[in-house]
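One structure is given below, encoded as structure tokens.
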Amino acid sequence: MNEQAVVDAVPLPALIIQSDERISHANGEACKLLGEAILRRHFITGLRQPQLLDTIEATIRDRSERQTRYLTNDGAQDTAFRVYVRPLDTSVLVTFVDETSLEQAGQMRRDFVANVSHELKTPLTALMGFIETLKGPAKNDEGARDRFLSIMETEASRMNRLVSDLLSLSRVEAEERVRPTTPVDLTGLVKSTIHSLSTLAEDADVQIRSDLPDDPAIIAGDEDQLRQVLVNLIENGIKYSGAGTTVTVSVGPVAYETRLKGDGIRLSVKDSGAGIDPVHLPRLTERFYRVDSHRSREKGGPGLGLAIVKHIVNRHRGRIRIESARGAGTDVTILLPV
Ligand code: ADP
């Protein structure tokens, strides 16, 4: 049997160890993973990881197949392989299957479930506490009842907000690959969104200003999703900036933009609030990421708003940039291709 042809035919890192315990053949993928130097070496000096060595040794001894794990680092990140060790004639065939992304996806799923449960648990615990109190000690106390009911309303709306954010996120993610095609006028959309948020802004004593072109600014988009981008960004400006501040929404053309590989439209939502410490900026668009300032704990949602914005912008093949400094306000700029 041509053993080199066998390893070369395997589309994964693969190598063969002979009965003299030397690595006689390895394909290109295996040399890339383990280094060219493994060829003709004893497998103990070539592979080094005790768990893998024990497995190979056992299969050489009793000729039955086994599997194990091989952990390494590809220079950028930790990688995890499942290794299959199988007898082949008088030799042993070892193949490496990269399970890194599978493990990462599993970890993400576990983190996600843990985050959602944690976010629901807090308001739910509060609700159950108040229900208990209203059934028992505060049964006939009218003043307490009104007070508790209004707290319960706040907690229930917090849960409601979480669930609707999660639904939006999953909807946007499901459609992310399908680029939207309907013509949408951003200028008109900004005007109507500002109008719909005017009561919220007034209640918070925040002024909303706009700097818009006279003509419609048309892009191919999904109107509901673009409205959600505007609502999330303007609401953040209002929520996190506080009384006496201003949120400015502007739309304007950008000439050839390398990041978009073409002409684009710039949409910016800028506030005059306290700003965000630059250390947080790279992580702001992650799900459930919150800046743990006093204000965001008190006013904030579950930290999904900017994650939703990022996915919608991705779907539109746009780019998002967040600039902020403590004391200098926050400016979120989105570039969308025309
Ligand atoms: P949420 O949906 O809870 O508002 P986001 O994903 O929109 O969360 O924002 C994440 C975090 O970024 C918030 O917790 C808040 O602390 C911070 N943040 C977002 N926008 C602003 C802003 N305009 N000014 C100050 N902080 C902001």
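Residue names in the structure tokens use chain letters A, B, ... in the order shown, residue numbers from 1 in each chain, and ligand numbers from 1 in the order shown.
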Practice prompt. Please write out the residues within 8 Å of ligand 1 as an MDAnalysis selection string, counting only C-alpha atoms and all ligand atoms.
Written response: chainID A and resid 165 232:241 270:271 273:276 284:293 295:297 300:308 329:332
Worksheet item: range 309-319 of chain A: which residues within 6 Å, counting only C-alpha atoms, same-chain residues fewer than 5 positions away excluded, as a ChimeraX atom specification?
Response: /A:176,179,229,334-336
Export N, CA, C and O atoms of the chosen residues as a tab-separated table (two decimals), in the first residue's frame?
chain	number	residue	atom	x	y	z
A	176	GLU	N	-29.75	37.93	8.15
A	176	GLU	CA	-28.57	38.76	7.94
A	176	GLU	C	-27.92	38.59	6.57
A	176	GLU	O	-27.34	39.51	6.02
A	179	ARG	N	-29.59	40.54	1.63
A	179	ARG	CA	-29.46	41.99	1.58
A	179	ARG	C	-30.79	42.62	1.19
A	179	ARG	O	-31.42	42.20	0.21
A	229	VAL	N	-32.77	50.89	14.15
A	229	VAL	CA	-31.42	51.42	14.37
A	229	VAL	C	-31.53	52.84	14.95
A	229	VAL	O	-30.92	53.16	15.98
A	334	ILE	N	-22.88	55.70	11.20
A	334	ILE	CA	-23.12	54.52	10.37
A	334	ILE	C	-22.95	54.91	8.92
A	334	ILE	O	-23.48	55.94	8.48
A	335	LEU	N	-22.17	54.14	8.18
A	335	LEU	CA	-22.02	54.38	6.76
A	335	LEU	C	-22.79	53.29	6.02
A	335	LEU	O	-22.61	52.11	6.30
A	336	LEU	N	-23.67	53.71	5.13
A	336	LEU	CA	-24.47	52.74	4.39
A	336	LEU	C	-24.21	52.91	2.90
A	336	LEU	O	-24.14	54.04	2.41
Worksheet, complete the sentence: Of A:Thr154, A:Ser250, A:Gln104, A:Thr79, the one nearest to Ala126 in chain A when counting only C-alpha atoms is A:Thr154
Practice prompt. Mind the document's chain letters and residue numbers, and return as a PyMOL selection string the residues of range 209-312 of chain A that DSSP labels helix (DSSP H, G or I).
Written response: chain A and resi 223-241+278-283+294-299+305-312
Output N, CA, C and O atoms for every residue in that selection, as a compact mmCIF listing (two decimals), in the first residue's frame.
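File written: out_14.txt
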# COMPACT_ATOMS: atom_id res chain seq x y z
N GLU A 223 -36.98 49.14 5.87
CA GLU A 223 -37.40 50.34 6.58
C GLU A 223 -37.60 50.09 8.08
O GLU A 223 -37.14 50.87 8.92
N ASP A 224 -38.25 48.98 8.44
CA ASP A 224 -38.50 48.71 9.86
C ASP A 224 -37.19 48.56 10.63
O ASP A 224 -37.04 49.04 11.75
N GLN A 225 -36.24 47.87 10.00
CA GLN A 225 -34.97 47.65 10.69
C GLN A 225 -34.18 48.96 10.81
O GLN A 225 -33.57 49.22 11.84
N LEU A 226 -34.21 49.78 9.75
CA LEU A 226 -33.49 51.06 9.84
C LEU A 226 -34.12 51.96 10.90
O LEU A 226 -33.44 52.69 11.61
N ARG A 227 -35.45 51.85 11.02
CA ARG A 227 -36.12 52.64 12.06
C ARG A 227 -35.66 52.15 13.44
O ARG A 227 -35.39 52.93 14.34
N GLN A 228 -35.51 50.84 13.55
CA GLN A 228 -35.05 50.30 14.84
C GLN A 228 -33.63 50.79 15.18
O GLN A 228 -33.33 51.09 16.33
N VAL A 229 -32.77 50.89 14.15
CA VAL A 229 -31.42 51.42 14.37
C VAL A 229 -31.53 52.84 14.95
O VAL A 229 -30.92 53.16 15.98
N LEU A 230 -32.37 53.66 14.29
CA LEU A 230 -32.51 55.05 14.75
C LEU A 230 -33.09 55.10 16.16
O LEU A 230 -32.60 55.85 17.02
N VAL A 231 -34.13 54.31 16.41
CA VAL A 231 -34.76 54.32 17.73
C VAL A 231 -33.74 53.92 18.80
O VAL A 231 -33.58 54.60 19.81
N ASN A 232 -33.01 52.83 18.54
CA ASN A 232 -32.04 52.37 19.55
C ASN A 232 -30.98 53.43 19.82
O ASN A 232 -30.63 53.68 20.98
N LEU A 233 -30.46 54.05 18.77
CA LEU A 233 -29.39 55.03 18.97
C LEU A 233 -29.90 56.30 19.63
O LEU A 233 -29.27 56.83 20.55
N ILE A 234 -31.06 56.79 19.16
CA ILE A 234 -31.58 58.03 19.75
C ILE A 234 -32.01 57.78 21.21
O ILE A 234 -31.72 58.58 22.10
N GLU A 235 -32.64 56.63 21.44
CA GLU A 235 -33.03 56.29 22.83
C GLU A 235 -31.81 56.20 23.74
O GLU A 235 -31.85 56.65 24.88
N ASN A 236 -30.72 55.62 23.24
CA ASN A 236 -29.50 55.57 24.05
C ASN A 236 -29.04 56.98 24.38
O ASN A 236 -28.68 57.28 25.52
N GLY A 237 -29.04 57.85 23.36
CA GLY A 237 -28.64 59.25 23.58
C GLY A 237 -29.49 59.88 24.67
O GLY A 237 -28.98 60.55 25.57
N ILE A 238 -30.79 59.62 24.61
CA ILE A 238 -31.69 60.21 25.61
C ILE A 238 -31.47 59.58 26.99
O ILE A 238 -31.30 60.26 28.00
N LYS A 239 -31.45 58.23 27.01
CA LYS A 239 -31.37 57.50 28.28
C LYS A 239 -30.08 57.80 29.05
O LYS A 239 -30.08 58.00 30.25
N TYR A 240 -28.96 57.75 28.32
CA TYR A 240 -27.67 57.78 29.01
C TYR A 240 -27.07 59.17 29.15
O TYR A 240 -26.03 59.32 29.79
N SER A 241 -27.70 60.19 28.52
CA SER A 241 -27.08 61.51 28.58
C SER A 241 -27.62 62.37 29.72
O SER A 241 -26.89 63.12 30.34
N PRO A 278 -13.19 55.03 26.83
CA PRO A 278 -12.74 54.33 25.62
C PRO A 278 -12.45 52.84 25.80
O PRO A 278 -12.56 52.07 24.85
N VAL A 279 -12.15 52.39 27.04
CA VAL A 279 -11.87 50.96 27.22
C VAL A 279 -13.08 50.10 26.85
O VAL A 279 -12.94 48.94 26.47
N HIS A 280 -14.28 50.69 26.96
CA HIS A 280 -15.48 49.89 26.68
C HIS A 280 -15.83 49.84 25.20
O HIS A 280 -16.60 48.98 24.77
N LEU A 281 -15.30 50.79 24.41
CA LEU A 281 -15.80 50.94 23.04
C LEU A 281 -15.73 49.66 22.19
O LEU A 281 -16.70 49.34 21.52
N PRO A 282 -14.62 48.92 22.21
CA PRO A 282 -14.57 47.75 21.33
C PRO A 282 -15.63 46.69 21.66
O PRO A 282 -15.98 45.89 20.81
N ARG A 283 -16.15 46.70 22.88
CA ARG A 283 -17.08 45.63 23.26
C ARG A 283 -18.55 46.06 23.28
O ARG A 283 -19.43 45.23 23.53
N HIS A 294 -23.25 54.09 37.01
CA HIS A 294 -24.44 54.22 37.82
C HIS A 294 -25.65 54.46 36.92
O HIS A 294 -26.69 53.83 37.05
N ARG A 295 -25.44 55.33 35.89
CA ARG A 295 -26.55 55.70 35.04
C ARG A 295 -27.09 54.52 34.24
O ARG A 295 -28.29 54.33 34.11
N SER A 296 -26.17 53.67 33.69
CA SER A 296 -26.71 52.60 32.87
C SER A 296 -27.38 51.52 33.72
O SER A 296 -28.30 50.86 33.28
N ARG A 297 -26.93 51.37 34.97
CA ARG A 297 -27.60 50.39 35.81
C ARG A 297 -29.02 50.84 36.11
O ARG A 297 -29.96 50.06 36.14
N GLU A 298 -29.14 52.15 36.32
CA GLU A 298 -30.43 52.69 36.71
C GLU A 298 -31.38 52.78 35.51
O GLU A 298 -32.55 52.48 35.59
N LYS A 299 -30.83 53.24 34.34
CA LYS A 299 -31.69 53.53 33.20
C LYS A 299 -31.67 52.48 32.12
O LYS A 299 -32.49 52.50 31.22
N GLY A 305 -29.28 46.54 22.69
CA GLY A 305 -29.61 47.58 21.70
C GLY A 305 -28.55 47.72 20.62
O GLY A 305 -28.86 47.68 19.42
N LEU A 306 -27.29 47.87 21.01
CA LEU A 306 -26.23 48.08 20.02
C LEU A 306 -25.89 46.80 19.26
O LEU A 306 -25.46 46.85 18.12
N ALA A 307 -26.12 45.64 19.89
CA ALA A 307 -25.90 44.37 19.17
C ALA A 307 -26.91 44.27 18.02
O ALA A 307 -26.56 43.87 16.91
N ILE A 308 -28.15 44.67 18.30
CA ILE A 308 -29.17 44.66 17.24
C ILE A 308 -28.78 45.62 16.13
O ILE A 308 -28.83 45.30 14.94
N VAL A 309 -28.33 46.83 16.53
CA VAL A 309 -27.90 47.82 15.54
C VAL A 309 -26.79 47.24 14.66
O VAL A 309 -26.84 47.34 13.43
N LYS A 310 -25.82 46.59 15.28
CA LYS A 310 -24.70 46.06 14.50
C LYS A 310 -25.16 45.03 13.47
O LYS A 310 -24.76 45.08 12.31
N HIS A 311 -26.04 44.14 13.89
CA HIS A 311 -26.52 43.12 12.94
C HIS A 311 -27.31 43.74 11.79
O HIS A 311 -27.20 43.31 10.65
N ILE A 312 -28.13 44.77 12.10
CA ILE A 312 -28.90 45.40 11.03
C ILE A 312 -27.95 46.10 10.06
O ILE A 312 -28.10 46.01 8.84
Report as a short mmCIF file (atom, residue, chain, number, x, y, z; two decimals) with all heavy atoms, in the first residue's frame all protein, DNA and RNA residues lying within 12 Å of range 22-27 of chain A, evaluated on only C-alpha atoms, omitting residues in the same chain fewer than 2 positions from it.
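out.cif was written with the following content:
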data_model
loop_
_atom_site.label_atom_id
_atom_site.label_comp_id
_atom_site.auth_asym_id
_atom_site.auth_seq_id
_atom_site.Cartn_x
_atom_site.Cartn_y
_atom_site.Cartn_z
N ASN A 2 0.51 2.23 -0.83
CA ASN A 2 1.27 3.48 -0.82
C ASN A 2 0.75 4.37 0.31
O ASN A 2 -0.29 5.01 0.19
CB ASN A 2 1.12 4.18 -2.18
CG ASN A 2 1.92 5.47 -2.22
OD1 ASN A 2 2.34 5.98 -1.18
ND2 ASN A 2 2.11 5.98 -3.42
N GLU A 3 1.48 4.38 1.39
CA GLU A 3 0.97 5.07 2.58
C GLU A 3 0.96 6.59 2.42
O GLU A 3 0.11 7.27 2.99
CB GLU A 3 1.78 4.64 3.81
CG GLU A 3 1.51 3.18 4.15
CD GLU A 3 2.30 2.70 5.35
OE1 GLU A 3 3.51 2.94 5.39
OE2 GLU A 3 1.70 2.09 6.25
N GLN A 4 1.90 7.13 1.65
CA GLN A 4 1.89 8.57 1.43
C GLN A 4 0.60 8.97 0.70
O GLN A 4 -0.02 9.96 1.03
CB GLN A 4 3.12 9.02 0.62
CG GLN A 4 3.26 10.56 0.51
CD GLN A 4 3.40 11.23 1.88
OE1 GLN A 4 4.14 10.77 2.75
NE2 GLN A 4 2.66 12.32 2.09
N ALA A 5 0.19 8.12 -0.29
CA ALA A 5 -1.05 8.42 -1.02
C ALA A 5 -2.24 8.38 -0.07
O ALA A 5 -3.17 9.17 -0.20
CB ALA A 5 -1.23 7.42 -2.15
N VAL A 6 -2.20 7.50 0.93
CA VAL A 6 -3.30 7.42 1.90
C VAL A 6 -3.41 8.73 2.69
O VAL A 6 -4.46 9.36 2.74
CB VAL A 6 -3.11 6.23 2.88
CG1 VAL A 6 -4.15 6.29 3.99
CG2 VAL A 6 -3.22 4.91 2.12
N VAL A 7 -2.30 9.20 3.28
CA VAL A 7 -2.41 10.44 4.07
C VAL A 7 -2.73 11.64 3.18
O VAL A 7 -3.49 12.52 3.58
CB VAL A 7 -1.14 10.74 4.93
CG1 VAL A 7 -1.08 9.82 6.13
CG2 VAL A 7 0.13 10.73 4.14
N ASP A 8 -2.17 11.65 1.96
CA ASP A 8 -2.46 12.79 1.07
C ASP A 8 -3.93 12.84 0.67
O ASP A 8 -4.45 13.91 0.35
CB ASP A 8 -1.58 12.71 -0.19
CG ASP A 8 -0.14 13.12 0.11
OD1 ASP A 8 0.07 13.76 1.18
OD2 ASP A 8 0.77 12.81 -0.69
N ALA A 9 -4.60 11.68 0.69
CA ALA A 9 -6.01 11.66 0.29
C ALA A 9 -6.93 12.12 1.42
O ALA A 9 -8.11 12.37 1.21
CB ALA A 9 -6.40 10.25 -0.14
N VAL A 10 -6.39 12.23 2.62
CA VAL A 10 -7.23 12.65 3.75
C VAL A 10 -7.26 14.18 3.82
O VAL A 10 -6.22 14.81 3.83
CB VAL A 10 -6.66 12.08 5.09
CG1 VAL A 10 -7.49 12.53 6.27
CG2 VAL A 10 -6.59 10.56 5.03
N PRO A 11 -8.46 14.81 3.85
CA PRO A 11 -8.52 16.26 3.83
C PRO A 11 -8.33 16.90 5.20
O PRO A 11 -8.85 17.98 5.48
CB PRO A 11 -9.92 16.53 3.29
CG PRO A 11 -10.71 15.38 3.77
CD PRO A 11 -9.79 14.20 3.83
N LEU A 12 -7.62 16.25 6.09
CA LEU A 12 -7.39 16.74 7.45
C LEU A 12 -5.93 16.46 7.76
O LEU A 12 -5.31 15.63 7.09
CB LEU A 12 -8.20 15.91 8.46
CG LEU A 12 -9.68 15.76 8.25
CD1 LEU A 12 -10.20 14.59 9.06
CD2 LEU A 12 -10.36 17.04 8.68
N PRO A 13 -5.37 17.07 8.82
CA PRO A 13 -4.02 16.67 9.20
C PRO A 13 -4.02 15.16 9.49
O PRO A 13 -4.85 14.68 10.26
CB PRO A 13 -3.75 17.48 10.48
CG PRO A 13 -4.69 18.64 10.39
CD PRO A 13 -5.90 18.13 9.68
N ALA A 14 -3.11 14.44 8.83
CA ALA A 14 -3.06 12.99 9.00
C ALA A 14 -1.61 12.53 8.94
O ALA A 14 -0.81 13.07 8.17
CB ALA A 14 -3.87 12.30 7.90
N LEU A 15 -1.28 11.54 9.79
CA LEU A 15 0.08 10.99 9.74
C LEU A 15 0.04 9.50 10.05
O LEU A 15 -0.94 8.98 10.59
CB LEU A 15 0.99 11.75 10.71
CG LEU A 15 0.55 11.94 12.14
CD1 LEU A 15 0.97 10.77 12.98
CD2 LEU A 15 1.19 13.22 12.70
N ILE A 16 1.14 8.85 9.66
CA ILE A 16 1.22 7.40 9.87
C ILE A 16 2.44 7.09 10.73
O ILE A 16 3.52 7.65 10.52
CB ILE A 16 1.28 6.67 8.52
CG1 ILE A 16 -0.10 6.75 7.85
CG2 ILE A 16 1.71 5.21 8.69
CD1 ILE A 16 -0.16 6.13 6.48
N ILE A 17 2.22 6.23 11.72
CA ILE A 17 3.31 5.82 12.61
C ILE A 17 3.57 4.32 12.38
O ILE A 17 2.62 3.52 12.42
CB ILE A 17 2.93 6.09 14.08
CG1 ILE A 17 2.66 7.59 14.27
CG2 ILE A 17 4.05 5.62 15.02
CD1 ILE A 17 2.05 7.93 15.61
N GLN A 18 4.82 3.98 12.13
CA GLN A 18 5.16 2.56 11.84
C GLN A 18 5.37 1.77 13.14
O GLN A 18 5.41 2.34 14.23
CB GLN A 18 6.44 2.51 11.01
CG GLN A 18 6.31 3.19 9.65
CD GLN A 18 5.24 2.54 8.76
OE1 GLN A 18 4.91 1.36 8.92
NE2 GLN A 18 4.70 3.32 7.83
N SER A 19 5.58 0.47 12.98
CA SER A 19 5.75 -0.36 14.17
C SER A 19 7.06 -0.05 14.90
O SER A 19 7.22 -0.36 16.08
CB SER A 19 5.68 -1.85 13.81
OG SER A 19 6.51 -2.08 12.69
N ASP A 20 8.01 0.61 14.21
CA ASP A 20 9.22 1.06 14.91
C ASP A 20 8.95 2.37 15.68
O ASP A 20 9.87 2.99 16.20
CB ASP A 20 10.39 1.24 13.93
CG ASP A 20 10.15 2.40 12.95
OD1 ASP A 20 9.04 3.01 13.00
OD2 ASP A 20 11.03 2.70 12.14
N GLU A 29 -1.24 19.14 5.59
CA GLU A 29 -1.99 19.71 6.71
C GLU A 29 -1.33 19.35 8.05
O GLU A 29 -1.27 20.18 8.96
CB GLU A 29 -3.44 19.20 6.70
CG GLU A 29 -4.33 19.79 5.62
CD GLU A 29 -4.22 19.05 4.29
OE1 GLU A 29 -3.30 18.19 4.14
OE2 GLU A 29 -5.04 19.32 3.40
N ALA A 30 -0.84 18.11 8.15
CA ALA A 30 -0.20 17.68 9.40
C ALA A 30 1.12 18.43 9.61
O ALA A 30 1.45 18.82 10.73
CB ALA A 30 0.04 16.17 9.38
N CYS A 31 1.87 18.63 8.50
CA CYS A 31 3.14 19.36 8.64
C CYS A 31 2.87 20.80 9.05
O CYS A 31 3.63 21.39 9.82
CB CYS A 31 3.92 19.33 7.32
SG CYS A 31 4.53 17.69 6.94
N LYS A 32 1.75 21.36 8.54
CA LYS A 32 1.42 22.74 8.91
C LYS A 32 1.07 22.81 10.40
O LYS A 32 1.45 23.73 11.11
CB LYS A 32 0.25 23.23 8.05
CG LYS A 32 0.29 24.73 7.84
CD LYS A 32 -0.41 25.16 6.57
CE LYS A 32 -1.87 25.42 6.84
NZ LYS A 32 -2.71 25.43 5.65
N LEU A 33 0.33 21.82 10.87
CA LEU A 33 -0.11 21.82 12.27
C LEU A 33 1.04 21.50 13.22
O LEU A 33 1.17 22.11 14.28
CB LEU A 33 -1.24 20.80 12.44
CG LEU A 33 -1.76 20.56 13.87
CD1 LEU A 33 -2.45 21.82 14.40
CD2 LEU A 33 -2.74 19.40 13.90
N LEU A 34 1.87 20.53 12.86
CA LEU A 34 2.85 20.01 13.82
C LEU A 34 4.30 20.34 13.46
O LEU A 34 5.21 20.06 14.24
CB LEU A 34 2.70 18.48 13.91
CG LEU A 34 1.29 18.01 14.30
CD1 LEU A 34 1.04 16.60 13.83
CD2 LEU A 34 1.07 18.12 15.81
N GLY A 35 4.50 20.91 12.29
CA GLY A 35 5.87 21.25 11.85
C GLY A 35 6.45 20.16 10.97
O GLY A 35 6.19 18.97 11.19
N GLU A 36 7.25 20.57 9.97
CA GLU A 36 7.87 19.61 9.04
C GLU A 36 8.76 18.63 9.79
O GLU A 36 8.95 17.49 9.37
CB GLU A 36 8.77 20.36 8.03
CG GLU A 36 8.04 21.38 7.18
CD GLU A 36 7.45 20.75 5.93
OE1 GLU A 36 7.74 19.57 5.68
OE2 GLU A 36 6.68 21.45 5.24
N ALA A 37 9.31 19.08 10.93
CA ALA A 37 10.33 18.30 11.65
C ALA A 37 9.81 16.98 12.20
O ALA A 37 10.58 16.12 12.59
CB ALA A 37 10.89 19.15 12.78
N ILE A 38 8.46 16.77 12.20
CA ILE A 38 7.94 15.53 12.77
C ILE A 38 8.32 14.30 11.93
O ILE A 38 8.36 13.19 12.44
CB ILE A 38 6.39 15.54 12.92
CG1 ILE A 38 5.72 15.93 11.60
CG2 ILE A 38 5.96 16.45 14.04
CD1 ILE A 38 4.25 15.56 11.58
N LEU A 39 8.57 14.51 10.63
CA LEU A 39 8.82 13.36 9.74
C LEU A 39 10.05 12.58 10.16
O LEU A 39 11.10 13.17 10.47
CB LEU A 39 8.97 13.85 8.31
CG LEU A 39 7.64 13.95 7.55
CD1 LEU A 39 7.81 14.66 6.23
CD2 LEU A 39 7.01 12.58 7.36
N ARG A 40 9.89 11.28 10.20
CA ARG A 40 10.96 10.32 10.57
C ARG A 40 11.36 10.41 12.04
O ARG A 40 12.27 9.71 12.47
CB ARG A 40 12.19 10.47 9.66
CG ARG A 40 11.93 9.85 8.27
CD ARG A 40 13.03 10.14 7.29
NE ARG A 40 13.10 11.54 6.95
CZ ARG A 40 12.26 12.15 6.10
NH1 ARG A 40 11.29 11.47 5.53
NH2 ARG A 40 12.39 13.43 5.82
N ARG A 41 10.67 11.26 12.83
CA ARG A 41 10.99 11.29 14.27
C ARG A 41 10.20 10.22 15.01
O ARG A 41 9.17 9.74 14.52
CB ARG A 41 10.59 12.66 14.86
CG ARG A 41 11.47 13.71 14.30
CD ARG A 41 11.97 14.77 15.11
NE ARG A 41 11.79 15.19 16.42
CZ ARG A 41 11.63 16.49 16.68
NH1 ARG A 41 11.45 17.37 15.74
NH2 ARG A 41 11.61 16.89 17.91
N HIS A 42 10.68 9.88 16.20
CA HIS A 42 9.90 9.01 17.07
C HIS A 42 8.64 9.80 17.47
O HIS A 42 8.73 11.01 17.72
CB HIS A 42 10.71 8.64 18.31
CG HIS A 42 10.06 7.54 19.11
ND1 HIS A 42 8.99 7.77 19.92
CD2 HIS A 42 10.32 6.21 19.16
CE1 HIS A 42 8.61 6.62 20.47
NE2 HIS A 42 9.41 5.66 20.02
N PHE A 43 7.48 9.12 17.53
CA PHE A 43 6.25 9.90 17.74
C PHE A 43 6.25 10.61 19.09
O PHE A 43 5.61 11.65 19.26
CB PHE A 43 5.01 9.01 17.53
CG PHE A 43 4.67 8.09 18.67
CD1 PHE A 43 3.88 8.54 19.71
CD2 PHE A 43 5.14 6.78 18.69
CE1 PHE A 43 3.56 7.69 20.76
CE2 PHE A 43 4.82 5.93 19.74
CZ PHE A 43 4.03 6.39 20.78
N ILE A 44 7.02 10.09 20.05
CA ILE A 44 7.04 10.74 21.38
C ILE A 44 7.67 12.12 21.30
O ILE A 44 7.16 13.08 21.88
CB ILE A 44 7.78 9.85 22.40
CG1 ILE A 44 6.92 8.61 22.68
CG2 ILE A 44 8.06 10.61 23.70
CD1 ILE A 44 7.48 7.68 23.73
N THR A 45 8.73 12.25 20.52
CA THR A 45 9.37 13.58 20.41
C THR A 45 8.62 14.45 19.42
O THR A 45 8.68 15.67 19.49
CB THR A 45 10.85 13.46 19.99
OG1 THR A 45 10.91 12.69 18.78
CG2 THR A 45 11.69 12.80 21.06
N GLY A 46 7.90 13.82 18.49
CA GLY A 46 7.17 14.61 17.48
C GLY A 46 5.87 15.19 18.02
O GLY A 46 5.49 16.31 17.67
N LEU A 47 5.18 14.45 18.88
CA LEU A 47 3.82 14.87 19.27
C LEU A 47 3.71 15.40 20.70
O LEU A 47 2.85 16.22 20.99
CB LEU A 47 2.85 13.72 19.05
CG LEU A 47 2.80 13.22 17.60
CD1 LEU A 47 1.91 11.99 17.48
CD2 LEU A 47 2.29 14.30 16.66
N ILE A 56 -1.84 6.71 21.44
CA ILE A 56 -1.16 6.09 20.31
C ILE A 56 -0.45 4.80 20.76
O ILE A 56 -0.55 3.75 20.11
CB ILE A 56 -0.14 7.07 19.68
CG1 ILE A 56 -0.88 8.25 19.06
CG2 ILE A 56 0.72 6.37 18.63
CD1 ILE A 56 0.01 9.37 18.56
N GLU A 57 0.21 4.89 21.90
CA GLU A 57 0.94 3.74 22.43
C GLU A 57 0.00 2.55 22.61
O GLU A 57 0.31 1.42 22.22
CB GLU A 57 1.55 4.11 23.78
CG GLU A 57 2.95 3.59 23.99
CD GLU A 57 3.65 4.43 25.06
OE1 GLU A 57 3.16 4.44 26.21
OE2 GLU A 57 4.62 5.10 24.73
N ILE A 60 -0.97 1.07 19.23
CA ILE A 60 0.14 0.30 18.66
C ILE A 60 0.19 -1.07 19.34
O ILE A 60 0.40 -2.10 18.70
CB ILE A 60 1.48 1.05 18.86
CG1 ILE A 60 1.53 2.28 17.97
CG2 ILE A 60 2.68 0.12 18.54
CD1 ILE A 60 2.78 3.13 18.13
N SER A 91 0.84 -0.49 10.60
CA SER A 91 1.10 0.85 11.13
C SER A 91 -0.16 1.41 11.81
O SER A 91 -1.15 0.71 11.98
CB SER A 91 1.58 1.76 10.01
OG SER A 91 0.66 1.69 8.94
N VAL A 92 -0.09 2.70 12.16
CA VAL A 92 -1.23 3.35 12.81
C VAL A 92 -1.48 4.68 12.10
O VAL A 92 -0.55 5.43 11.83
CB VAL A 92 -0.91 3.61 14.30
CG1 VAL A 92 -1.95 4.53 14.91
CG2 VAL A 92 -0.86 2.31 15.07
N LEU A 93 -2.75 4.96 11.79
CA LEU A 93 -3.12 6.22 11.12
C LEU A 93 -3.69 7.18 12.17
O LEU A 93 -4.59 6.82 12.92
CB LEU A 93 -4.16 5.96 10.03
CG LEU A 93 -4.74 7.20 9.34
CD1 LEU A 93 -3.71 7.88 8.46
CD2 LEU A 93 -5.97 6.81 8.50
N VAL A 94 -3.11 8.39 12.22
CA VAL A 94 -3.59 9.39 13.19
C VAL A 94 -4.15 10.59 12.42
O VAL A 94 -3.45 11.17 11.59
CB VAL A 94 -2.42 9.87 14.09
CG1 VAL A 94 -2.92 10.81 15.17
CG2 VAL A 94 -1.71 8.68 14.72
N THR A 95 -5.43 10.95 12.67
CA THR A 95 -6.02 12.11 12.00
C THR A 95 -6.54 13.11 13.03
O THR A 95 -6.96 12.74 14.13
CB THR A 95 -7.21 11.71 11.09
OG1 THR A 95 -8.03 10.82 11.82
CG2 THR A 95 -6.73 11.05 9.82
N PHE A 96 -6.48 14.38 12.67
CA PHE A 96 -6.83 15.48 13.58
C PHE A 96 -8.03 16.24 13.02
O PHE A 96 -7.96 16.78 11.92
CB PHE A 96 -5.66 16.47 13.69
CG PHE A 96 -4.43 15.88 14.33
CD1 PHE A 96 -3.61 15.01 13.63
CD2 PHE A 96 -4.08 16.23 15.63
CE1 PHE A 96 -2.47 14.48 14.22
CE2 PHE A 96 -2.95 15.71 16.22
CZ PHE A 96 -2.13 14.83 15.52
#
Worksheet item: Could you pull out the strand (DSSP E) residues of range 45-241 of chain A from DSSP and send them as a PyMOL selection string?
Response: chain A and resi 66-73+78-88+91-98+182-185+207-211+218-221
Worksheet item: What lies within 9 Å of Glu155 in chain A using only C-alpha atoms, ignoring chain neighbours under 6 positions off, as a ChimeraX atom specification?
Response: /A:122-124,126-127
Item to complete: Would you kindly return, as a PyMOL selection string, each protein, DNA or RNA residue with an atom no farther than 9 Å from any atom of range 255-259 of chain A, considering only C-alpha atoms and excluding same-chain residues fewer than 2 positions away?
Response: chain A and resi 253+261-265+318-319+335+337
Worksheet entry | Distance query range 65-67 of chain A at most 9 Å, only C-alpha atoms, self and fewer than 3 positions along chain excluded, as a list in words | Leu52, Thr55, Ile56, Ala58, Thr59, Asp62, Arg82, Val83, Tyr84, Val85, Arg86 and Pro87 of chain A
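Restricting the calculation to only C-alpha atoms, the smallest distance between Ser272 in chain A and any of A:Val254, A:Ala243, A:Ile322, A:Leu189 is found for A:Ala243.
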